[in-house]
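Asker: As input, take data-v7.txt (compact mmCIF, C-alpha atoms):
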```
# COMPACT_ATOMS: atom_id res chain seq x y z
CA MET A 1 -13.46 16.39 -1.59
CA PHE A 2 -12.62 13.48 -3.87
CA VAL A 3 -12.27 14.62 -7.44
CA ALA A 4 -12.27 12.05 -10.23
CA ARG A 5 -10.50 12.99 -13.43
CA SER A 6 -10.58 10.79 -16.48
CA ILE A 7 -7.30 10.55 -18.38
CA ALA A 8 -7.21 9.47 -22.01
CA ALA A 9 -4.31 7.08 -21.53
CA ASP A 10 -4.21 6.07 -25.19
CA HIS A 11 -2.96 2.58 -24.35
CA LYS A 12 -3.96 0.06 -27.01
CA ASP A 13 -4.75 -2.72 -24.53
CA LEU A 14 -5.47 -3.38 -20.85
CA ILE A 15 -3.64 -1.20 -18.33
CA HIS A 16 -2.19 -3.48 -15.65
CA ASP A 17 -0.46 -1.09 -13.27
CA VAL A 18 -0.28 2.57 -12.27
CA SER A 19 2.58 3.81 -10.12
CA TYR A 20 3.26 7.21 -8.57
CA ASP A 21 6.72 8.54 -7.85
CA PHE A 22 7.83 9.51 -4.34
CA HIS A 23 6.39 13.03 -4.55
CA GLY A 24 3.17 12.09 -6.32
CA ARG A 25 3.89 14.50 -9.16
CA ARG A 26 4.75 11.85 -11.73
CA MET A 27 2.91 8.72 -12.75
CA ALA A 28 3.80 5.68 -14.84
CA THR A 29 1.38 3.26 -16.49
CA CYS A 30 1.99 -0.08 -18.21
CA SER A 31 -0.15 -2.20 -20.45
CA SER A 32 -0.55 -5.33 -22.50
CA ASP A 33 0.30 -3.16 -25.50
CA GLN A 34 3.92 -3.70 -24.34
CA SER A 35 4.45 -0.01 -23.56
CA VAL A 36 5.10 2.23 -20.57
CA LYS A 37 3.90 5.81 -20.40
CA VAL A 38 5.13 8.53 -18.03
CA TRP A 39 2.78 11.32 -16.95
CA ASP A 40 3.65 14.63 -15.30
CA LYS A 41 1.24 16.70 -13.25
CA SER A 42 1.01 20.34 -14.27
CA GLU A 43 0.46 23.28 -11.96
CA ASN A 44 -3.27 23.28 -12.70
CA GLY A 45 -3.55 19.63 -11.70
CA GLU A 46 -3.80 18.19 -15.20
CA TRP A 47 -1.83 15.07 -16.16
CA HIS A 48 0.13 15.14 -19.40
CA CYS A 49 1.91 12.23 -21.08
CA THR A 50 5.58 13.23 -21.41
CA ALA A 51 7.01 9.91 -22.59
CA SER A 52 5.77 6.70 -24.15
CA TRP A 53 7.82 3.82 -25.47
CA LYS A 54 7.77 0.09 -26.10
CA THR A 55 9.48 -1.65 -23.22
CA HIS A 56 9.01 -5.40 -23.69
CA SER A 57 7.95 -8.01 -26.21
CA GLY A 58 5.04 -9.14 -24.07
CA SER A 59 2.42 -7.76 -21.69
CA VAL A 60 3.95 -5.43 -19.09
CA TRP A 61 2.56 -6.42 -15.69
CA ARG A 62 4.12 -3.90 -13.32
CA VAL A 63 6.04 -0.65 -13.27
CA THR A 64 7.63 1.03 -10.25
CA TRP A 65 9.73 4.08 -9.37
CA ALA A 66 13.03 4.14 -7.52
CA HIS A 67 13.53 6.66 -4.74
CA PRO A 68 14.42 10.07 -6.26
CA GLU A 69 17.69 9.94 -4.35
CA PHE A 70 18.84 7.62 -7.15
CA GLY A 71 17.53 9.80 -9.96
CA GLN A 72 14.52 9.36 -12.21
CA VAL A 73 14.59 5.58 -12.51
CA LEU A 74 11.84 3.12 -13.46
CA ALA A 75 11.69 -0.67 -13.44
CA SER A 76 9.23 -2.80 -15.38
CA CYS A 77 8.50 -6.52 -15.66
CA SER A 78 6.80 -8.54 -18.33
CA PHE A 79 5.36 -11.76 -19.61
CA ASP A 80 8.42 -11.94 -21.86
CA ARG A 81 10.35 -13.32 -18.83
CA THR A 82 12.44 -10.18 -18.28
CA ALA A 83 12.61 -7.12 -16.08
CA ALA A 84 14.12 -3.86 -17.27
CA VAL A 85 15.57 -0.74 -15.66
CA TRP A 86 15.03 2.65 -17.31
CA GLU A 87 16.56 6.03 -16.56
CA GLU A 88 15.51 9.49 -17.64
CA ILE A 89 18.36 11.64 -18.91
CA VAL A 90 18.57 15.12 -20.36
CA GLY A 91 20.05 15.45 -23.83
CA GLU A 92 23.58 16.87 -23.95
CA SER A 93 24.60 19.93 -25.95
CA ASN A 94 25.76 17.87 -28.93
CA ASP A 95 22.64 15.76 -28.93
CA LYS A 96 19.71 16.18 -31.27
CA GLN A 97 17.50 16.20 -28.18
CA ARG A 98 19.45 19.00 -26.56
CA GLY A 99 17.80 20.06 -23.32
CA LEU A 100 15.02 17.49 -23.72
CA SER A 101 14.61 14.53 -21.38
CA HIS A 102 14.19 11.01 -22.67
CA TRP A 103 14.21 7.50 -21.22
CA ILE A 104 16.86 4.95 -22.04
CA LYS A 105 17.17 1.29 -21.08
CA ARG A 106 20.00 0.71 -18.63
CA THR A 107 19.75 -3.05 -18.23
CA THR A 108 17.62 -6.13 -18.88
CA LEU A 109 17.42 -8.83 -16.22
CA VAL A 110 16.99 -12.21 -17.93
CA ASP A 111 17.36 -14.76 -15.12
CA SER A 112 13.71 -15.82 -14.96
CA ARG A 113 12.53 -18.82 -16.99
CA THR A 114 8.90 -17.74 -16.84
CA SER A 115 6.79 -14.58 -16.69
CA VAL A 116 8.12 -11.95 -14.26
CA THR A 117 5.00 -10.99 -12.32
CA ASP A 118 6.19 -8.18 -10.03
CA VAL A 119 9.12 -5.86 -9.53
CA LYS A 120 9.87 -3.64 -6.53
CA PHE A 121 12.75 -1.45 -5.39
CA ALA A 122 13.91 -2.10 -1.84
CA PRO A 123 13.62 0.68 0.78
CA LYS A 124 16.22 3.35 0.06
CA HIS A 125 18.15 2.79 3.30
CA MET A 126 19.19 -0.58 1.86
CA GLY A 127 20.76 1.06 -1.18
CA LEU A 128 19.69 0.66 -4.79
CA MET A 129 18.28 -2.86 -4.80
CA LEU A 130 15.64 -4.36 -7.06
CA THR A 131 13.47 -7.41 -6.39
CA THR A 132 11.56 -9.50 -8.89
CA CYS A 133 9.25 -12.45 -8.46
CA SER A 134 8.24 -14.89 -11.16
CA ALA A 135 5.71 -17.53 -12.04
CA ASP A 136 8.50 -20.08 -11.56
CA GLY A 137 8.27 -19.44 -7.80
CA VAL A 138 11.61 -17.67 -7.45
CA VAL A 139 12.29 -14.28 -5.86
CA ARG A 140 15.46 -12.61 -7.13
CA ILE A 141 17.19 -9.68 -5.46
CA TYR A 142 19.60 -7.54 -7.48
CA GLU A 143 21.93 -4.76 -6.39
CA ALA A 144 23.53 -1.91 -8.28
CA PRO A 145 27.04 -1.61 -6.78
CA ASP A 146 27.50 1.81 -8.38
CA VAL A 147 24.39 3.98 -8.36
CA MET A 148 26.00 6.13 -11.04
CA ASN A 149 26.18 3.15 -13.41
CA LEU A 150 22.77 1.51 -13.68
CA SER A 151 23.90 -0.83 -16.46
CA GLN A 152 25.61 -3.04 -13.89
CA TRP A 153 23.40 -5.14 -11.59
CA SER A 154 24.51 -8.19 -9.65
CA LEU A 155 22.19 -11.01 -8.59
CA GLN A 156 22.56 -11.20 -4.81
CA HIS A 157 19.89 -13.70 -3.77
CA GLU A 158 17.63 -16.33 -5.32
CA ILE A 159 14.88 -17.56 -3.02
CA SER A 160 12.63 -20.43 -4.04
CA CYS A 161 9.08 -20.07 -2.71
CA LYS A 162 7.81 -23.42 -4.07
CA LEU A 163 4.64 -21.70 -5.36
CA SER A 164 4.17 -19.45 -8.37
CA CYS A 165 4.65 -15.85 -7.24
CA SER A 166 2.29 -13.03 -8.17
CA CYS A 167 3.29 -10.06 -5.99
CA ILE A 168 5.90 -8.84 -3.57
CA SER A 169 6.20 -6.10 -0.95
CA TRP A 170 9.12 -4.87 1.13
CA ASN A 171 8.69 -3.97 4.77
CA PRO A 172 9.62 -0.25 4.70
CA SER A 173 10.83 -0.13 8.31
CA SER A 174 14.31 1.35 8.67
CA SER A 175 14.56 0.48 12.37
CA ARG A 176 17.66 -1.38 13.46
CA ALA A 177 15.37 -3.66 15.44
CA HIS A 178 13.81 -4.92 12.19
CA PRO A 179 16.04 -6.83 9.76
CA PRO A 180 15.22 -6.44 6.05
CA MET A 181 12.00 -8.29 5.35
CA PHE A 182 9.63 -8.83 2.43
CA ALA A 183 6.38 -10.67 1.80
CA VAL A 184 5.51 -12.58 -1.34
CA GLY A 185 2.07 -13.70 -2.49
CA SER A 186 1.08 -16.56 -4.75
CA ASP A 187 -1.75 -16.80 -7.26
CA ASP A 188 -1.58 -20.60 -7.35
CA SER A 189 -5.14 -21.79 -8.04
CA ASN A 190 -4.91 -24.85 -5.80
CA VAL A 191 -6.97 -23.80 -2.77
CA THR A 192 -6.14 -27.01 -0.90
CA TYR A 193 -2.60 -25.75 -0.43
CA GLY A 194 -2.57 -23.08 2.24
CA GLY A 195 0.03 -20.46 2.91
CA LYS A 196 -0.31 -18.27 -0.17
CA VAL A 197 1.62 -15.52 1.64
CA GLN A 198 5.17 -16.06 2.87
CA ILE A 199 7.37 -13.72 4.90
CA TYR A 200 11.15 -13.74 4.43
CA GLU A 201 13.72 -12.08 6.68
CA TYR A 202 17.42 -11.36 6.21
CA ASN A 203 19.80 -13.13 8.58
CA GLU A 204 22.99 -11.21 9.34
CA ASN A 205 24.84 -14.37 10.37
CA THR A 206 24.17 -16.43 7.26
CA ARG A 207 23.78 -13.37 5.00
CA LYS A 208 20.79 -15.03 3.42
CA TYR A 209 17.03 -14.64 3.45
CA ALA A 210 15.10 -17.29 5.38
CA LYS A 211 11.38 -17.91 5.67
CA ALA A 212 10.13 -16.39 8.90
CA GLU A 213 6.39 -16.96 8.60
CA THR A 214 3.69 -18.45 6.38
CA LEU A 215 0.13 -17.15 6.57
CA MET A 216 -1.63 -20.49 6.42
CA THR A 217 -5.13 -18.98 6.55
CA VAL A 218 -4.68 -17.41 3.11
CA THR A 219 -5.70 -20.24 0.77
CA ASP A 220 -7.05 -18.34 -2.25
CA ALA A 221 -5.03 -16.70 -5.02
CA VAL A 222 -3.29 -13.51 -3.88
CA HIS A 223 -3.24 -10.65 -6.39
CA ASP A 224 -1.52 -7.91 -4.39
CA ILE A 225 0.21 -7.42 -1.07
CA ALA A 226 1.37 -4.27 0.75
CA PHE A 227 3.23 -3.60 3.99
CA ALA A 228 2.03 -0.46 5.74
CA PRO A 229 4.57 2.32 6.43
CA ASN A 230 6.02 1.49 9.84
CA LEU A 231 6.32 4.90 11.53
CA GLY A 232 8.23 3.47 14.48
CA ARG A 233 5.81 0.71 15.45
CA SER A 234 7.20 -2.44 17.06
CA PHE A 235 4.90 -4.60 14.91
CA HIS A 236 4.13 -4.79 11.19
CA VAL A 237 0.85 -4.40 9.31
CA LEU A 238 0.24 -6.23 6.05
CA ALA A 239 -2.67 -5.83 3.63
CA ILE A 240 -3.59 -8.62 1.23
CA ALA A 241 -5.79 -8.56 -1.87
CA THR A 242 -7.34 -11.94 -2.59
CA LYS A 243 -11.02 -12.83 -2.93
CA ASP A 244 -11.47 -10.23 -0.19
CA VAL A 245 -9.43 -7.59 1.68
CA ARG A 246 -7.47 -8.79 4.69
CA ILE A 247 -5.28 -6.91 7.15
CA PHE A 248 -2.78 -8.81 9.27
CA LYS A 249 -0.69 -7.69 12.21
CA LEU A 250 2.71 -9.35 12.62
CA VAL A 251 3.99 -8.97 16.18
CA PRO A 252 7.64 -10.05 16.63
CA MET A 253 8.04 -12.45 19.52
CA ARG A 254 10.94 -11.93 21.88
CA LYS A 255 14.00 -13.57 20.41
CA GLU A 256 16.23 -15.67 22.63
CA SER A 257 19.85 -14.57 22.67
CA THR A 258 20.96 -18.05 21.59
CA SER A 259 18.56 -18.19 18.65
CA ALA A 260 20.16 -17.64 15.26
CA GLY A 261 17.07 -18.31 13.17
CA PRO A 262 14.58 -15.84 11.74
CA THR A 263 12.22 -13.88 13.93
CA LYS A 264 9.03 -15.64 14.93
CA PHE A 265 5.82 -13.65 14.69
CA GLU A 266 2.48 -13.75 16.39
CA VAL A 267 0.12 -13.44 13.44
CA GLN A 268 -3.18 -11.65 14.08
CA ILE A 269 -5.85 -11.00 11.48
CA VAL A 270 -7.31 -7.63 12.45
CA ALA A 271 -9.77 -7.14 9.58
CA GLN A 272 -11.35 -9.06 6.73
CA PHE A 273 -13.85 -7.54 4.28
CA ASP A 274 -15.71 -9.13 1.39
CA ASN A 275 -17.58 -5.97 0.44
CA HIS A 276 -16.19 -6.00 -3.09
CA ASN A 277 -18.13 -9.26 -3.64
CA SER A 278 -15.47 -10.09 -6.23
CA GLN A 279 -11.75 -10.53 -6.68
CA VAL A 280 -9.67 -7.71 -5.18
CA TRP A 281 -6.77 -6.71 -7.41
CA ARG A 282 -4.92 -3.92 -5.62
CA VAL A 283 -4.34 -2.67 -2.08
CA SER A 284 -2.42 0.53 -1.32
CA TRP A 285 -1.61 2.46 1.88
CA ASN A 286 -1.33 6.20 2.39
CA ILE A 287 2.00 7.51 3.65
CA THR A 288 0.92 7.55 7.31
CA SER A 289 -0.57 4.02 7.17
CA THR A 290 -3.91 5.28 8.49
CA LEU A 291 -5.87 4.70 5.28
CA LEU A 292 -6.01 1.64 3.03
CA ALA A 293 -7.46 1.72 -0.48
CA SER A 294 -8.59 -1.39 -2.35
CA SER A 295 -9.97 -1.95 -5.84
CA GLY A 296 -11.86 -4.93 -7.17
CA ASP A 297 -13.87 -6.39 -10.00
CA ASP A 298 -16.95 -4.58 -8.70
CA GLY A 299 -15.56 -1.41 -10.29
CA CYS A 300 -15.20 0.37 -6.95
CA VAL A 301 -12.37 1.77 -4.88
CA ARG A 302 -13.03 1.30 -1.19
CA LEU A 303 -11.28 3.17 1.60
CA TRP A 304 -10.66 1.51 4.97
CA LYS A 305 -9.75 3.17 8.24
CA ALA A 306 -9.25 2.14 11.86
CA ASN A 307 -10.91 3.98 14.72
CA TYR A 308 -9.26 4.64 18.07
CA MET A 309 -10.18 1.10 19.18
CA ASP A 310 -8.26 -0.30 16.18
CA ASN A 311 -11.50 -1.49 14.60
CA TRP A 312 -11.32 -1.23 10.81
CA LYS A 313 -14.24 -0.02 8.80
CA CYS A 314 -15.10 1.28 5.34
CA THR A 315 -15.08 5.07 5.25
CA GLY A 316 -15.62 5.68 1.56
CA ILE A 317 -16.68 4.02 -1.65
CA LEU A 318 -15.89 5.45 -5.06
CA LYS A 319 -17.23 4.10 -8.31
CA GLY A 320 -15.04 3.89 -11.38
CA ASP A 321 -16.00 7.43 -12.34
CA GLY A 322 -15.14 8.71 -8.86
CA SER A 323 -18.71 9.36 -7.74
CA PRO A 324 -19.92 8.06 -4.36
CA LEU A 325 -21.76 4.77 -4.32
CA THR A 326 -25.52 5.21 -4.12
CA SER A 327 -28.45 2.84 -3.86
CA SER A 328 -29.32 3.49 -7.49
CA SER A 329 -26.11 1.79 -8.58
CA GLY A 330 -27.63 -1.58 -7.85
CA GLN A 331 -25.20 -2.34 -5.03
CA PRO A 332 -26.57 -3.69 -1.74
CA THR A 333 -27.38 -0.81 0.57
CA ALA A 334 -27.93 -2.91 3.67
CA MET A 335 -24.25 -3.70 4.12
CA SER A 336 -23.13 -2.50 7.48
CA THR A 337 -20.06 -0.87 5.97
CA VAL A 338 -21.80 1.25 3.35
CA VAL A 339 -20.97 4.83 4.22
CA GLY A 340 -23.54 7.57 4.56
CA SER A 341 -25.45 9.36 7.27
CA SER A 342 -28.61 7.48 6.26
CA VAL A 343 -27.13 4.11 7.26
CA GLN A 344 -27.80 4.13 10.98
CA THR A 345 -27.14 0.43 11.55
CA SER A 346 -23.45 0.88 10.78
CA GLN A 347 -22.93 3.36 13.58
CA ASN A 348 -22.76 0.76 16.33
CA ALA A 349 -21.64 -2.27 14.33
CA LEU A 350 -18.21 -2.63 15.93
CA ASN A 351 -18.46 -4.03 19.46
CA GLY A 352 -21.26 -1.66 20.31
CA MET A 353 -18.98 1.33 19.94
CA SER A 354 -19.59 4.31 17.71
CA ALA A 355 -17.54 3.58 14.61
CA GLY A 356 -17.48 7.09 13.23
CA ARG A 357 -14.38 8.30 15.08
CA TYR A 358 -11.66 8.07 12.47
CA PHE A 359 -8.44 9.94 11.87
CA PHE A 360 -9.99 12.20 9.27
CA PRO A 361 -10.08 15.90 10.10
CA PRO A 362 -13.34 16.93 11.86
CA LEU A 363 -16.10 14.78 10.43
CA ASP A 364 -18.66 17.51 9.92
CA PRO A 365 -19.78 18.36 6.39
CA PRO A 366 -17.41 20.90 4.83
CA ARG A 367 -18.29 24.48 5.68
CA ALA A 368 -17.10 27.62 3.96
CA GLY A 369 -14.21 29.20 5.79
CA THR A 370 -13.24 26.12 7.79
CA MET A 371 -9.66 24.94 7.87
CA TYR A 372 -10.39 21.55 6.32
CA GLY A 373 -13.25 22.53 4.06
CA HIS A 374 -11.29 21.87 0.88
CA LEU A 375 -9.84 18.57 2.11
CA LEU A 376 -12.91 16.65 3.22
CA PRO A 377 -14.76 14.10 1.10
CA PRO A 378 -18.37 14.83 0.15
CA SER A 379 -20.78 14.46 3.04
CA SER A 380 -22.25 11.38 1.36
CA LEU A 381 -18.89 9.62 1.85
CA ILE A 382 -18.55 10.46 5.54
CA GLU A 383 -19.98 8.50 8.40
CA HIS A 384 -20.86 10.80 11.27
CA CYS A 385 -20.43 10.20 14.97
CA ASP A 386 -23.49 9.95 17.14
CA ALA A 387 -23.81 12.74 19.64
CA GLU A 388 -25.14 10.38 22.31
CA PRO A 389 -21.78 9.26 23.75
CA ILE A 390 -20.99 12.90 24.51
CA GLN A 391 -24.08 13.47 26.64
CA PRO A 392 -22.87 11.52 29.72
CA GLN A 393 -19.69 13.57 29.72
CA GLN A 394 -21.66 16.80 29.61
CA GLN A 395 -23.77 15.66 32.55
CA ALA A 396 -20.71 14.61 34.49
CA LEU A 397 -19.01 18.00 34.33
CA PRO A 398 -21.22 19.81 36.89
CA ARG A 399 -20.78 16.95 39.36
CA ARG A 400 -16.99 17.08 39.05
CA HIS A 401 -16.98 20.78 39.94
CA SER A 402 -19.80 20.69 42.47
CA SER A 403 -19.19 22.72 45.64
CA ARG A 404 -20.56 19.93 47.84
CA ALA A 405 -17.22 18.19 47.91
CA LEU A 406 -15.65 21.38 49.29
CA LEU A 407 -18.02 21.82 52.25
CA PRO A 408 -16.00 19.73 54.74
CA LEU A 409 -12.89 21.86 54.21
CA PRO A 410 -13.99 24.94 56.23
CA GLU A 411 -15.10 22.67 59.09
CA ALA A 412 -11.65 21.07 59.18
CA GLU A 413 -10.00 24.48 59.35
CA GLY A 414 -12.26 25.52 62.18
CA GLN A 415 -11.26 22.53 64.25
```
Kindly transcribe the structure held in the file into structure tokens.
Answerer:
Amino acid sequence: MFVARSIAADHKDLIHDVSYDFHGRRMATCSSDQSVKVWDKSENGEWHCTASWKTHSGSVWRVTWAHPEFGQVLASCSFDRTAAVWEEIVGESNDKQRGLSHWIKRTTLVDSRTSVTDVKFAPKHMGLMLTTCSADGVVRIYEAPDVMNLSQWSLQHEISCKLSCSCISWNPSSSRAHPPMFAVGSDDSNVTYGGKVQIYEYNENTRKYAKAETLMTVTDAVHDIAFAPNLGRSFHVLAIATKDVRIFKLVPMRKESTSAGPTKFEVQIVAQFDNHNSQVWRVSWNITSTLLASSGDDGCVRLWKANYMDNWKCTGILKGDGSPLTSSSGQPTAMSTVVGSSVQTSQNALNGMSAGRYFFPPLDPPRAGTMYGHLLPPSSLIEHCDAEPIQPQQQALPRRHSSRALLPLPEAEGQ
């Protein structure tokens, strides 16, 4: 089931970002109090703050972890126009902090003229690379030539996006068929200018990043953007947090052998939800890209899942305290995507098909002794399948094995 645990973060101002490490055992938070805190998960599941320090001279917007292959490394970005790289080290024998770990600043990246709004490490197969985007509309890509010396970073690329940038996401695909690619979102308030999401792809011939696609249908401010883990797919899936939740599919079109430009994509919007009824601030995928979580100003986290027909639907709603959304909360209960066995109208909302067949383990309420009993959400968060579609199959079985179809065989042998 979903368990909500409140953590006394002890930040002195708004918390802007929470980031988990690769294994999900460590967590970093950042705040307008100009600090970053690192949390470790104990064996009993409790989170404990193991480090806290002032990182910038302005609000810290984002914090992110590098792949553990490169050590315990964090990056942060701030309103003070800088990004910083931090590394956890263990005190040496002659150190006052002998045997104790502590975080030290390895470098400060000062190229931006305005607030640095997002920072992301590139996928690990590309090496130790760091990307920042700024309110000045520039994406900057840095590389650490020597992963053992994180004080040295070289600026490899500067890409002007023409619009103020608010968020960035790398395509995690490591397939040779997919060149390095990232998406950048803009929070520009001018809704008359479309294309608030731009896709850039690396060109091996020019050794530069070029714009491959612009999502012209996204006209409102974009707060977050996230590529789904690829898992060998030939296409890409991108989630966008704006005034609603949107999921796009980017299908690469066949490239002509003479073409040297970036890949062209067939852009398909596969889902769009305004259930938050407010601005959506974060979208995040699970590691298998089968579940998308979104959070908005309505104080709820909503979980989205696709059924076997690739129809997306809400499968869970959690309030800020982690409890399931109920009618007593004052939220509309007639929405077709509100989850619960009592909402019968949502069962057949998608193209007349039963929408309860998701990739969750068996969708029955948890039972003692079952394999998935400890993993399932509460029954109030689960939408159940109707049993009606199964009935025609049960009726068809006797006909498939009826002996009538075998009667002509003995006659043929007799002849």
Asker: Figure out the distance between CA of Trp103 in chain A and CA of Trp53 in chain A, please, to one decimal in Å.
Answerer: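 Spanning CA of Trp53 in chain A to CA of Trp103 in chain A is a straight-line distance of 8.5 Å.
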Asker: Would you mind reading off the distance between CA of Asp220 in chain A and CA of Phe273 in chain A, one decimal, in Å?
Answerer: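 Computed distance, CA of Asp220 in chain A to CA of Phe273 in chain A, equals 14.3 Å.
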Asker: Enter the distance from CA of Val237 in chain A to CA of His157 in chain A, in Å, rounded to one decimal.
Answerer: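 Separation of CA of Val237 in chain A and CA of His157 in chain A: 24.9 Å.
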Asker: Which residue, A:Arg5, A:His48, A:Lys211, A:Lys105, has the smallest gap to Lys264 in chain A when you use all atoms listed in the file?
Answerer: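 Answer, going by the shortest atom-to-atom distance: A:Lys211.
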Asker: Kindly indicate which residue among A:Pro145, A:Thr263, A:Ile269, A:Lys41 lies nearest to Tyr200 in chain A, using only C-alpha atoms for the distances.
Answerer: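 Using only C-alpha atoms, the shortest distance to Tyr200 in chain A belongs to A:Thr263.
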